[in-house]
Structures are given as C-alpha cells and as structure tokens.
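*Asks:* This is the content of coords_17.cif (mmCIF, N, CA and C atoms and all ligand atoms):
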```
data_input
#
loop_
_atom_site.label_atom_id
_atom_site.label_comp_id
_atom_site.auth_asym_id
_atom_site.auth_seq_id
_atom_site.Cartn_x
_atom_site.Cartn_y
_atom_site.Cartn_z
N MET A 12 -35.46 13.88 5.81
CA MET A 12 -34.28 13.04 5.82
C MET A 12 -34.70 11.58 5.60
N ASN A 13 -34.04 10.92 4.65
CA ASN A 13 -34.41 9.53 4.41
C ASN A 13 -33.46 8.59 5.17
N GLU A 14 -33.62 7.29 4.99
CA GLU A 14 -32.85 6.32 5.77
C GLU A 14 -31.37 6.31 5.43
N THR A 15 -30.98 6.76 4.24
CA THR A 15 -29.58 6.69 3.85
C THR A 15 -28.79 7.94 4.23
N THR A 16 -29.45 8.92 4.84
CA THR A 16 -28.75 10.13 5.22
C THR A 16 -28.21 10.00 6.64
N ALA A 17 -26.91 10.27 6.82
CA ALA A 17 -26.29 10.19 8.14
C ALA A 17 -26.21 11.58 8.73
N VAL A 18 -26.22 11.66 10.04
CA VAL A 18 -26.10 12.93 10.74
C VAL A 18 -24.86 12.87 11.60
N ASN A 19 -23.98 13.88 11.50
CA ASN A 19 -22.77 13.86 12.31
C ASN A 19 -23.03 14.44 13.69
N VAL A 20 -21.96 14.56 14.49
CA VAL A 20 -22.09 14.98 15.88
C VAL A 20 -22.73 16.36 16.00
N LYS A 21 -22.43 17.25 15.06
CA LYS A 21 -22.97 18.60 15.12
C LYS A 21 -24.43 18.67 14.62
N GLY A 22 -24.94 17.54 14.22
CA GLY A 22 -26.32 17.51 13.76
C GLY A 22 -26.46 17.87 12.29
N GLU A 23 -25.34 18.01 11.59
CA GLU A 23 -25.40 18.33 10.18
C GLU A 23 -25.56 17.06 9.37
N GLU A 24 -26.17 17.18 8.23
CA GLU A 24 -26.31 16.01 7.37
C GLU A 24 -24.97 15.69 6.75
N ALA A 25 -24.53 14.47 6.88
CA ALA A 25 -23.28 14.04 6.25
C ALA A 25 -23.60 13.54 4.85
N GLU A 26 -22.54 13.22 4.14
CA GLU A 26 -22.72 12.71 2.78
C GLU A 26 -23.59 11.46 2.80
N LYS A 27 -24.49 11.38 1.86
CA LYS A 27 -25.37 10.22 1.81
C LYS A 27 -24.56 8.97 1.55
N SER A 28 -25.00 7.88 2.19
CA SER A 28 -24.25 6.64 2.04
C SER A 28 -24.30 6.17 0.60
N LYS A 29 -23.13 5.70 0.16
CA LYS A 29 -23.02 5.19 -1.21
C LYS A 29 -22.55 3.75 -1.12
N PRO A 30 -22.90 2.95 -2.10
CA PRO A 30 -22.37 1.59 -2.09
C PRO A 30 -20.86 1.62 -2.25
N LYS A 31 -20.16 0.89 -1.39
CA LYS A 31 -18.70 0.88 -1.46
C LYS A 31 -18.22 -0.06 -2.55
N SER A 32 -17.15 0.36 -3.24
CA SER A 32 -16.58 -0.48 -4.27
C SER A 32 -15.92 -1.69 -3.62
N LYS A 33 -16.07 -2.85 -4.23
CA LYS A 33 -15.47 -4.05 -3.66
C LYS A 33 -14.01 -4.17 -4.03
N GLN A 34 -13.56 -3.44 -5.05
CA GLN A 34 -12.18 -3.54 -5.47
C GLN A 34 -11.30 -2.64 -4.61
N ARG A 35 -10.29 -3.25 -4.04
CA ARG A 35 -9.39 -2.49 -3.18
C ARG A 35 -8.31 -1.80 -4.02
N LEU A 36 -8.08 -0.54 -3.77
CA LEU A 36 -7.06 0.18 -4.50
C LEU A 36 -5.76 0.17 -3.71
N PRO A 37 -4.65 -0.05 -4.39
CA PRO A 37 -3.37 -0.05 -3.66
C PRO A 37 -3.02 1.35 -3.19
N ARG A 38 -2.40 1.43 -2.04
CA ARG A 38 -1.95 2.73 -1.54
C ARG A 38 -0.43 2.81 -1.51
N GLY A 39 0.20 1.65 -1.65
CA GLY A 39 1.66 1.64 -1.65
C GLY A 39 2.20 0.81 -2.80
N ARG A 40 3.38 1.19 -3.27
CA ARG A 40 4.04 0.40 -4.31
C ARG A 40 5.28 -0.24 -3.68
N VAL A 41 5.31 -1.56 -3.72
CA VAL A 41 6.38 -2.31 -3.06
C VAL A 41 7.49 -2.61 -4.06
N THR A 42 8.71 -2.29 -3.66
CA THR A 42 9.87 -2.63 -4.49
C THR A 42 10.78 -3.55 -3.69
N LEU A 43 11.13 -4.65 -4.31
CA LEU A 43 11.96 -5.64 -3.64
C LEU A 43 13.25 -5.84 -4.42
N PHE A 44 14.36 -5.89 -3.71
CA PHE A 44 15.64 -6.20 -4.34
C PHE A 44 15.96 -7.67 -4.07
N PRO A 45 15.68 -8.54 -5.05
CA PRO A 45 15.81 -9.98 -4.81
C PRO A 45 17.22 -10.39 -4.40
N ASN A 46 18.21 -9.72 -4.92
CA ASN A 46 19.58 -10.11 -4.59
C ASN A 46 19.95 -9.80 -3.15
N TRP A 47 19.23 -8.89 -2.52
CA TRP A 47 19.51 -8.54 -1.13
C TRP A 47 18.67 -9.36 -0.16
N CYS A 48 17.62 -9.97 -0.67
CA CYS A 48 16.69 -10.71 0.19
C CYS A 48 17.28 -12.07 0.56
N LYS A 49 17.30 -12.38 1.87
CA LYS A 49 17.83 -13.67 2.32
C LYS A 49 16.71 -14.66 2.62
N GLY A 50 15.46 -14.25 2.38
CA GLY A 50 14.34 -15.17 2.55
C GLY A 50 13.99 -15.48 3.98
N CYS A 51 14.22 -14.56 4.90
CA CYS A 51 13.91 -14.82 6.31
C CYS A 51 12.41 -14.85 6.57
N GLU A 52 11.62 -14.31 5.66
CA GLU A 52 10.15 -14.32 5.73
C GLU A 52 9.55 -13.44 6.82
N LEU A 53 10.36 -12.58 7.42
CA LEU A 53 9.80 -11.64 8.40
C LEU A 53 8.67 -10.83 7.77
N CYS A 54 8.94 -10.33 6.59
CA CYS A 54 7.95 -9.47 5.92
C CYS A 54 6.71 -10.26 5.53
N VAL A 55 6.89 -11.49 5.09
CA VAL A 55 5.76 -12.33 4.68
C VAL A 55 4.88 -12.62 5.89
N THR A 56 5.50 -12.94 6.99
CA THR A 56 4.76 -13.31 8.20
C THR A 56 3.95 -12.15 8.75
N PHE A 57 4.52 -10.97 8.71
CA PHE A 57 3.87 -9.86 9.41
C PHE A 57 3.13 -8.87 8.52
N CYS A 58 3.21 -9.02 7.21
CA CYS A 58 2.43 -8.12 6.36
C CYS A 58 0.94 -8.32 6.67
N PRO A 59 0.25 -7.27 7.09
CA PRO A 59 -1.14 -7.44 7.52
C PRO A 59 -2.12 -7.79 6.41
N THR A 60 -1.71 -7.59 5.16
CA THR A 60 -2.66 -7.85 4.07
C THR A 60 -2.18 -8.93 3.10
N GLN A 61 -1.16 -9.67 3.48
CA GLN A 61 -0.65 -10.81 2.68
C GLN A 61 -0.25 -10.39 1.27
N VAL A 62 0.43 -9.27 1.18
CA VAL A 62 0.94 -8.81 -0.12
C VAL A 62 2.09 -9.71 -0.58
N LEU A 63 2.89 -10.14 0.38
CA LEU A 63 4.15 -10.83 0.06
C LEU A 63 4.02 -12.33 0.23
N ALA A 64 4.83 -13.06 -0.52
CA ALA A 64 4.80 -14.52 -0.43
C ALA A 64 6.19 -15.07 -0.70
N GLN A 65 6.43 -16.26 -0.23
CA GLN A 65 7.71 -16.91 -0.52
C GLN A 65 7.73 -17.34 -1.98
N GLY A 66 8.75 -16.95 -2.68
CA GLY A 66 8.85 -17.28 -4.09
C GLY A 66 9.91 -18.34 -4.32
N PRO A 67 10.30 -18.54 -5.56
CA PRO A 67 11.33 -19.53 -5.86
C PRO A 67 12.69 -19.08 -5.32
N ASN A 68 13.58 -19.99 -5.13
CA ASN A 68 14.94 -19.71 -4.64
C ASN A 68 14.94 -19.07 -3.25
N ALA A 69 13.93 -19.38 -2.45
CA ALA A 69 13.85 -18.88 -1.06
C ALA A 69 13.89 -17.36 -0.99
N ARG A 70 13.34 -16.71 -1.99
CA ARG A 70 13.25 -15.26 -1.97
C ARG A 70 11.80 -14.83 -2.05
N VAL A 71 11.56 -13.66 -1.54
CA VAL A 71 10.19 -13.18 -1.45
C VAL A 71 9.74 -12.56 -2.77
N ILE A 72 8.46 -12.70 -3.07
CA ILE A 72 7.87 -12.05 -4.24
C ILE A 72 6.69 -11.18 -3.78
N VAL A 73 6.38 -10.19 -4.60
CA VAL A 73 5.22 -9.34 -4.33
C VAL A 73 4.03 -10.00 -5.03
N ALA A 74 3.32 -10.83 -4.28
CA ALA A 74 2.27 -11.66 -4.88
C ALA A 74 0.97 -10.90 -5.11
N HIS A 75 0.64 -9.97 -4.22
CA HIS A 75 -0.63 -9.25 -4.32
C HIS A 75 -0.40 -7.74 -4.13
N PRO A 76 0.21 -7.09 -5.11
CA PRO A 76 0.53 -5.66 -4.94
C PRO A 76 -0.70 -4.79 -4.71
N GLU A 77 -1.85 -5.23 -5.22
CA GLU A 77 -3.07 -4.43 -5.08
C GLU A 77 -3.56 -4.33 -3.64
N LYS A 78 -3.02 -5.18 -2.77
CA LYS A 78 -3.48 -5.17 -1.37
C LYS A 78 -2.63 -4.29 -0.46
N CYS A 79 -1.58 -3.71 -0.99
CA CYS A 79 -0.66 -2.96 -0.13
C CYS A 79 -1.32 -1.68 0.39
N THR A 80 -1.24 -1.50 1.71
CA THR A 80 -1.81 -0.32 2.35
C THR A 80 -0.76 0.73 2.67
N ALA A 81 0.48 0.47 2.29
CA ALA A 81 1.60 1.39 2.55
C ALA A 81 1.86 1.58 4.05
N CYS A 82 1.62 0.53 4.83
CA CYS A 82 1.89 0.64 6.27
C CYS A 82 3.39 0.67 6.56
N ARG A 83 4.19 0.15 5.64
CA ARG A 83 5.66 0.15 5.72
C ARG A 83 6.23 -0.77 6.80
N TRP A 84 5.44 -1.68 7.26
CA TRP A 84 5.96 -2.61 8.26
C TRP A 84 7.14 -3.38 7.67
N CYS A 85 6.97 -3.85 6.43
CA CYS A 85 8.02 -4.66 5.81
C CYS A 85 9.32 -3.87 5.66
N GLU A 86 9.19 -2.64 5.22
CA GLU A 86 10.37 -1.79 4.99
C GLU A 86 11.10 -1.52 6.31
N LEU A 87 10.35 -1.24 7.35
CA LEU A 87 10.96 -0.88 8.63
C LEU A 87 11.62 -2.06 9.33
N HIS A 88 11.17 -3.28 9.03
CA HIS A 88 11.68 -4.44 9.77
C HIS A 88 12.59 -5.35 8.95
N CYS A 89 12.72 -5.11 7.67
CA CYS A 89 13.62 -5.96 6.88
C CYS A 89 15.07 -5.74 7.36
N PRO A 90 15.73 -6.79 7.83
CA PRO A 90 17.09 -6.61 8.35
C PRO A 90 18.12 -6.32 7.27
N ASP A 91 17.76 -6.54 6.01
CA ASP A 91 18.72 -6.37 4.92
C ASP A 91 18.38 -5.23 3.97
N PHE A 92 17.43 -4.40 4.35
CA PHE A 92 17.04 -3.25 3.51
C PHE A 92 16.70 -3.69 2.09
N ALA A 93 16.09 -4.87 1.97
CA ALA A 93 15.81 -5.44 0.66
C ALA A 93 14.46 -5.02 0.10
N ILE A 94 13.70 -4.26 0.87
CA ILE A 94 12.34 -3.93 0.43
C ILE A 94 12.02 -2.49 0.83
N PHE A 95 11.37 -1.76 -0.07
CA PHE A 95 10.89 -0.44 0.33
C PHE A 95 9.56 -0.15 -0.33
N VAL A 96 8.86 0.80 0.26
CA VAL A 96 7.50 1.10 -0.15
C VAL A 96 7.38 2.59 -0.44
N THR A 97 6.77 2.91 -1.56
CA THR A 97 6.48 4.31 -1.85
C THR A 97 4.97 4.52 -1.85
N ASP A 98 4.60 5.71 -1.47
CA ASP A 98 3.19 6.07 -1.37
C ASP A 98 2.68 6.42 -2.76
N ILE A 99 1.67 5.74 -3.22
CA ILE A 99 1.16 5.97 -4.58
C ILE A 99 0.59 7.38 -4.72
N GLU A 100 -0.07 7.89 -3.67
CA GLU A 100 -0.62 9.25 -3.75
C GLU A 100 0.48 10.28 -3.93
N SER A 101 1.60 10.11 -3.23
CA SER A 101 2.68 11.09 -3.38
C SER A 101 3.32 10.97 -4.76
N GLU A 102 3.36 9.74 -5.30
CA GLU A 102 3.87 9.58 -6.67
C GLU A 102 3.00 10.35 -7.65
N LYS A 103 1.67 10.25 -7.46
CA LYS A 103 0.76 10.95 -8.37
C LYS A 103 0.94 12.45 -8.27
N SER A 104 1.10 12.97 -7.03
CA SER A 104 1.26 14.41 -6.89
C SER A 104 2.58 14.88 -7.47
N ASP A 105 3.64 14.01 -7.38
CA ASP A 105 4.90 14.35 -8.02
C ASP A 105 4.73 14.45 -9.54
N GLU A 106 3.95 13.51 -10.11
CA GLU A 106 3.71 13.54 -11.56
C GLU A 106 2.97 14.81 -11.96
N VAL A 107 2.00 15.21 -11.15
CA VAL A 107 1.24 16.43 -11.43
C VAL A 107 2.18 17.63 -11.39
N GLU A 108 3.06 17.69 -10.38
CA GLU A 108 4.01 18.79 -10.27
C GLU A 108 4.93 18.84 -11.49
N GLU A 109 5.42 17.65 -11.92
CA GLU A 109 6.29 17.59 -13.10
C GLU A 109 5.57 18.10 -14.34
N SER A 110 4.32 17.68 -14.52
CA SER A 110 3.58 18.12 -15.71
C SER A 110 3.31 19.61 -15.66
N LYS A 111 3.09 20.16 -14.44
CA LYS A 111 2.90 21.61 -14.31
C LYS A 111 4.17 22.33 -14.71
N GLU A 112 5.34 21.82 -14.27
CA GLU A 112 6.61 22.45 -14.60
C GLU A 112 6.86 22.46 -16.11
N LYS A 113 6.47 21.34 -16.76
CA LYS A 113 6.68 21.24 -18.20
C LYS A 113 5.82 22.23 -18.98
N THR A 114 4.62 22.51 -18.46
CA THR A 114 3.72 23.42 -19.17
C THR A 114 4.07 24.88 -18.94
N GLN A 115 4.93 25.16 -17.95
CA GLN A 115 5.28 26.57 -17.69
C GLN A 115 6.42 27.04 -18.55
S1 LIG B 201 12.36 -9.27 5.63
FE1 LIG B 201 13.79 -8.61 3.99
S2 LIG B 201 15.33 -10.25 3.86
FE2 LIG B 201 13.59 -11.07 5.03
S3 LIG B 201 12.33 -12.09 3.45
FE3 LIG B 201 11.54 -10.00 3.66
S4 LIG B 201 12.62 -8.80 2.07
FE4 LIG B 201 13.74 -10.74 2.36
S1 LIG B 202 3.77 -1.77 3.27
FE1 LIG B 202 2.50 -2.97 4.72
S2 LIG B 202 0.84 -3.78 3.44
FE2 LIG B 202 2.45 -3.10 2.02
S3 LIG B 202 3.70 -4.95 1.65
FE3 LIG B 202 4.65 -3.83 3.36
S4 LIG B 202 3.79 -4.76 5.24
FE4 LIG B 202 2.46 -5.33 3.51
#
```
Represent the structure of the file as structure tokens.

*Replies:*
Amino acid sequence: MNETTAVNVKGEEAEKSKPKSKQRLPRGRVTLFPNWCKGCELCVTFCPTQVLAQGPNARVIVAHPEKCTACRWCELHCPDFAIFVTDIESEKSDEVEESKEKTQ
C-alpha cells in the first residue's frame, strides 16, 4: 500500500486519492421571475454560495449560476414565489428517459 491509498473502517482499500478538480459544477438551475421579485434580498443575503445578487431596478439576478448547490433555501423562503430551483441531475435523467422513449 502506498501513501495515496486510503483504508476505510472495514480495513478495505478505498479508491486511491485523485487530484480534485478546481472547477465547481452546478447542481441546481435557478429560475427567477423578475416581475414577481420585489427585491427584498432575502435570497441574496442567505444564499450560502453567493449565487444571487442585487441587479438593476431593485430586482435580483442570478450572478453566479455555476455555484448553485441546489439547497433550495431561496425557493423555500422567497415570500413571493419568484424563484425556484431544479436539480440538474434529475433534469439529465429526464432527458435520458425521453431519449429512451424516442428510440423505442
Ligand atoms: S426572496 Fe424572492 S422577492 Fe425577495 S429578492 Fe429574492 S426572489 Fe426577490
Ligand atoms: S438553491 Fe441554494 S445555492 Fe442555489 S441559489 Fe438558492 S440558496 Fe443559493
């Protein structure tokens, strides 16, 4: 066993450590309805990864979509239902299902 091999609780060799990619992949897709947004900034203040920012006309913009972790804090706390989040993984699996249906 070399230095990069990890051992789990059962004593089995785990996957060898690999260098982690520095680029963060989005896990959620944020959709905002600007006409419903009153600019209260609740979502901007509490988004843990600073995806959202105050935009022009006192409305929120999705400034860093690549940082979304799909925690849904913004969606659950927006008082005006102006924002929602979809899981990118489930979108991909839906696309796979659709393509399977088309090939049958
Ligand atoms: S919480 Fe809702 S209404 Fe408030 S700024 Fe965010 S999207 Fe707009
Ligand atoms: S789902 Fe979470 S990470 Fe994504 S924009 Fe909303 S609060 Fe931020």

*Asks:* Produce as a PyMOL selection string the set of residues near ligand LIG 201 (chain B), where near means within 6.5 Å with all atoms listed in the file considered.

*Replies:* chain A and resi 47-55+70-71+85+88-94

*Asks:* Restricting the calculation to only N, CA and C atoms and all ligand atoms: of A:Asn46, A:Ile72, A:Thr60, A:Pro67, which residue gets closest to ligand LIG 202 (chain B)?

*Replies:*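 For ligand LIG 202 (chain B), the nearest of the candidates is A:Thr60.
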
*Asks:* How many Å separate atom C of Gln61 of chain A from atom CA of Ile99 of chain A?

*Replies:*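 Distance reported for this atom pair: 17.4 Å.
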
*Asks:* As a list in words, please: every protein or nucleic acid residue near ligand LIG 202 (chain B) (cut-off 8 Å, counting only C-alpha atoms and all ligand atoms).

*Replies:*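 My answer, listing the contacting residues, is Gly39, Arg40, Val41, Cys54, Val55, Phe57, Cys58, Pro59, Thr60, Gln61, Val62, Leu63, Val73, Pro76, Lys78, Cys79, Thr80, Ala81, Cys82, Arg83, Trp84, Cys85, Glu86, Phe95 and Val96 of chain A.
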
*Asks:* Restricting the output to N, CA and C atoms, write the selected residues as a compact mmCIF listing (two decimals), in the coordinates of the input.

*Replies:*
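Final output, selection18.txt:
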```
# COMPACT_ATOMS: atom_id res chain seq x y z
N GLY A 39 0.20 1.65 -1.65
CA GLY A 39 1.66 1.64 -1.65
C GLY A 39 2.20 0.81 -2.80
N ARG A 40 3.38 1.19 -3.27
CA ARG A 40 4.04 0.40 -4.31
C ARG A 40 5.28 -0.24 -3.68
N VAL A 41 5.31 -1.56 -3.72
CA VAL A 41 6.38 -2.31 -3.06
C VAL A 41 7.49 -2.61 -4.06
N CYS A 54 8.94 -10.33 6.59
CA CYS A 54 7.95 -9.47 5.92
C CYS A 54 6.71 -10.26 5.53
N VAL A 55 6.89 -11.49 5.09
CA VAL A 55 5.76 -12.33 4.68
C VAL A 55 4.88 -12.62 5.89
N PHE A 57 4.52 -10.97 8.71
CA PHE A 57 3.87 -9.86 9.41
C PHE A 57 3.13 -8.87 8.52
N CYS A 58 3.21 -9.02 7.21
CA CYS A 58 2.43 -8.12 6.36
C CYS A 58 0.94 -8.32 6.67
N PRO A 59 0.25 -7.27 7.09
CA PRO A 59 -1.14 -7.44 7.52
C PRO A 59 -2.12 -7.79 6.41
N THR A 60 -1.71 -7.59 5.16
CA THR A 60 -2.66 -7.85 4.07
C THR A 60 -2.18 -8.93 3.10
N GLN A 61 -1.16 -9.67 3.48
CA GLN A 61 -0.65 -10.81 2.68
C GLN A 61 -0.25 -10.39 1.27
N VAL A 62 0.43 -9.27 1.18
CA VAL A 62 0.94 -8.81 -0.12
C VAL A 62 2.09 -9.71 -0.58
N LEU A 63 2.89 -10.14 0.38
CA LEU A 63 4.15 -10.83 0.06
C LEU A 63 4.02 -12.33 0.23
N VAL A 73 6.38 -10.19 -4.60
CA VAL A 73 5.22 -9.34 -4.33
C VAL A 73 4.03 -10.00 -5.03
N PRO A 76 0.21 -7.09 -5.11
CA PRO A 76 0.53 -5.66 -4.94
C PRO A 76 -0.70 -4.79 -4.71
N LYS A 78 -3.02 -5.18 -2.77
CA LYS A 78 -3.48 -5.17 -1.37
C LYS A 78 -2.63 -4.29 -0.46
N CYS A 79 -1.58 -3.71 -0.99
CA CYS A 79 -0.66 -2.96 -0.13
C CYS A 79 -1.32 -1.68 0.39
N THR A 80 -1.24 -1.50 1.71
CA THR A 80 -1.81 -0.32 2.35
C THR A 80 -0.76 0.73 2.67
N ALA A 81 0.48 0.47 2.29
CA ALA A 81 1.60 1.39 2.55
C ALA A 81 1.86 1.58 4.05
N CYS A 82 1.62 0.53 4.83
CA CYS A 82 1.89 0.64 6.27
C CYS A 82 3.39 0.67 6.56
N ARG A 83 4.19 0.15 5.64
CA ARG A 83 5.66 0.15 5.72
C ARG A 83 6.23 -0.77 6.80
N TRP A 84 5.44 -1.68 7.26
CA TRP A 84 5.96 -2.61 8.26
C TRP A 84 7.14 -3.38 7.67
N CYS A 85 6.97 -3.85 6.43
CA CYS A 85 8.02 -4.66 5.81
C CYS A 85 9.32 -3.87 5.66
N GLU A 86 9.19 -2.64 5.22
CA GLU A 86 10.37 -1.79 4.99
C GLU A 86 11.10 -1.52 6.31
N PHE A 95 11.37 -1.76 -0.07
CA PHE A 95 10.89 -0.44 0.33
C PHE A 95 9.56 -0.15 -0.33
N VAL A 96 8.86 0.80 0.26
CA VAL A 96 7.50 1.10 -0.15
C VAL A 96 7.38 2.59 -0.44
```

*Asks:* What is the distance between atom N of Pro45 of chain A and atom CA of Ala69 of chain A, in Å to one decimal?

*Replies:*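 Those two atoms sit 11.2 Å apart.
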
*Asks:* Where does DSSP see strand (DSSP E or B) in segment 48-114 of chain A, if you list the residues as a list of chain:residue names?

*Replies:* A:Leu63, A:Ala64, A:Gln65, A:Val71, A:Ile72, A:Val73, A:Ile94, A:Phe95, A:Val96, A:Thr97, A:Asp98
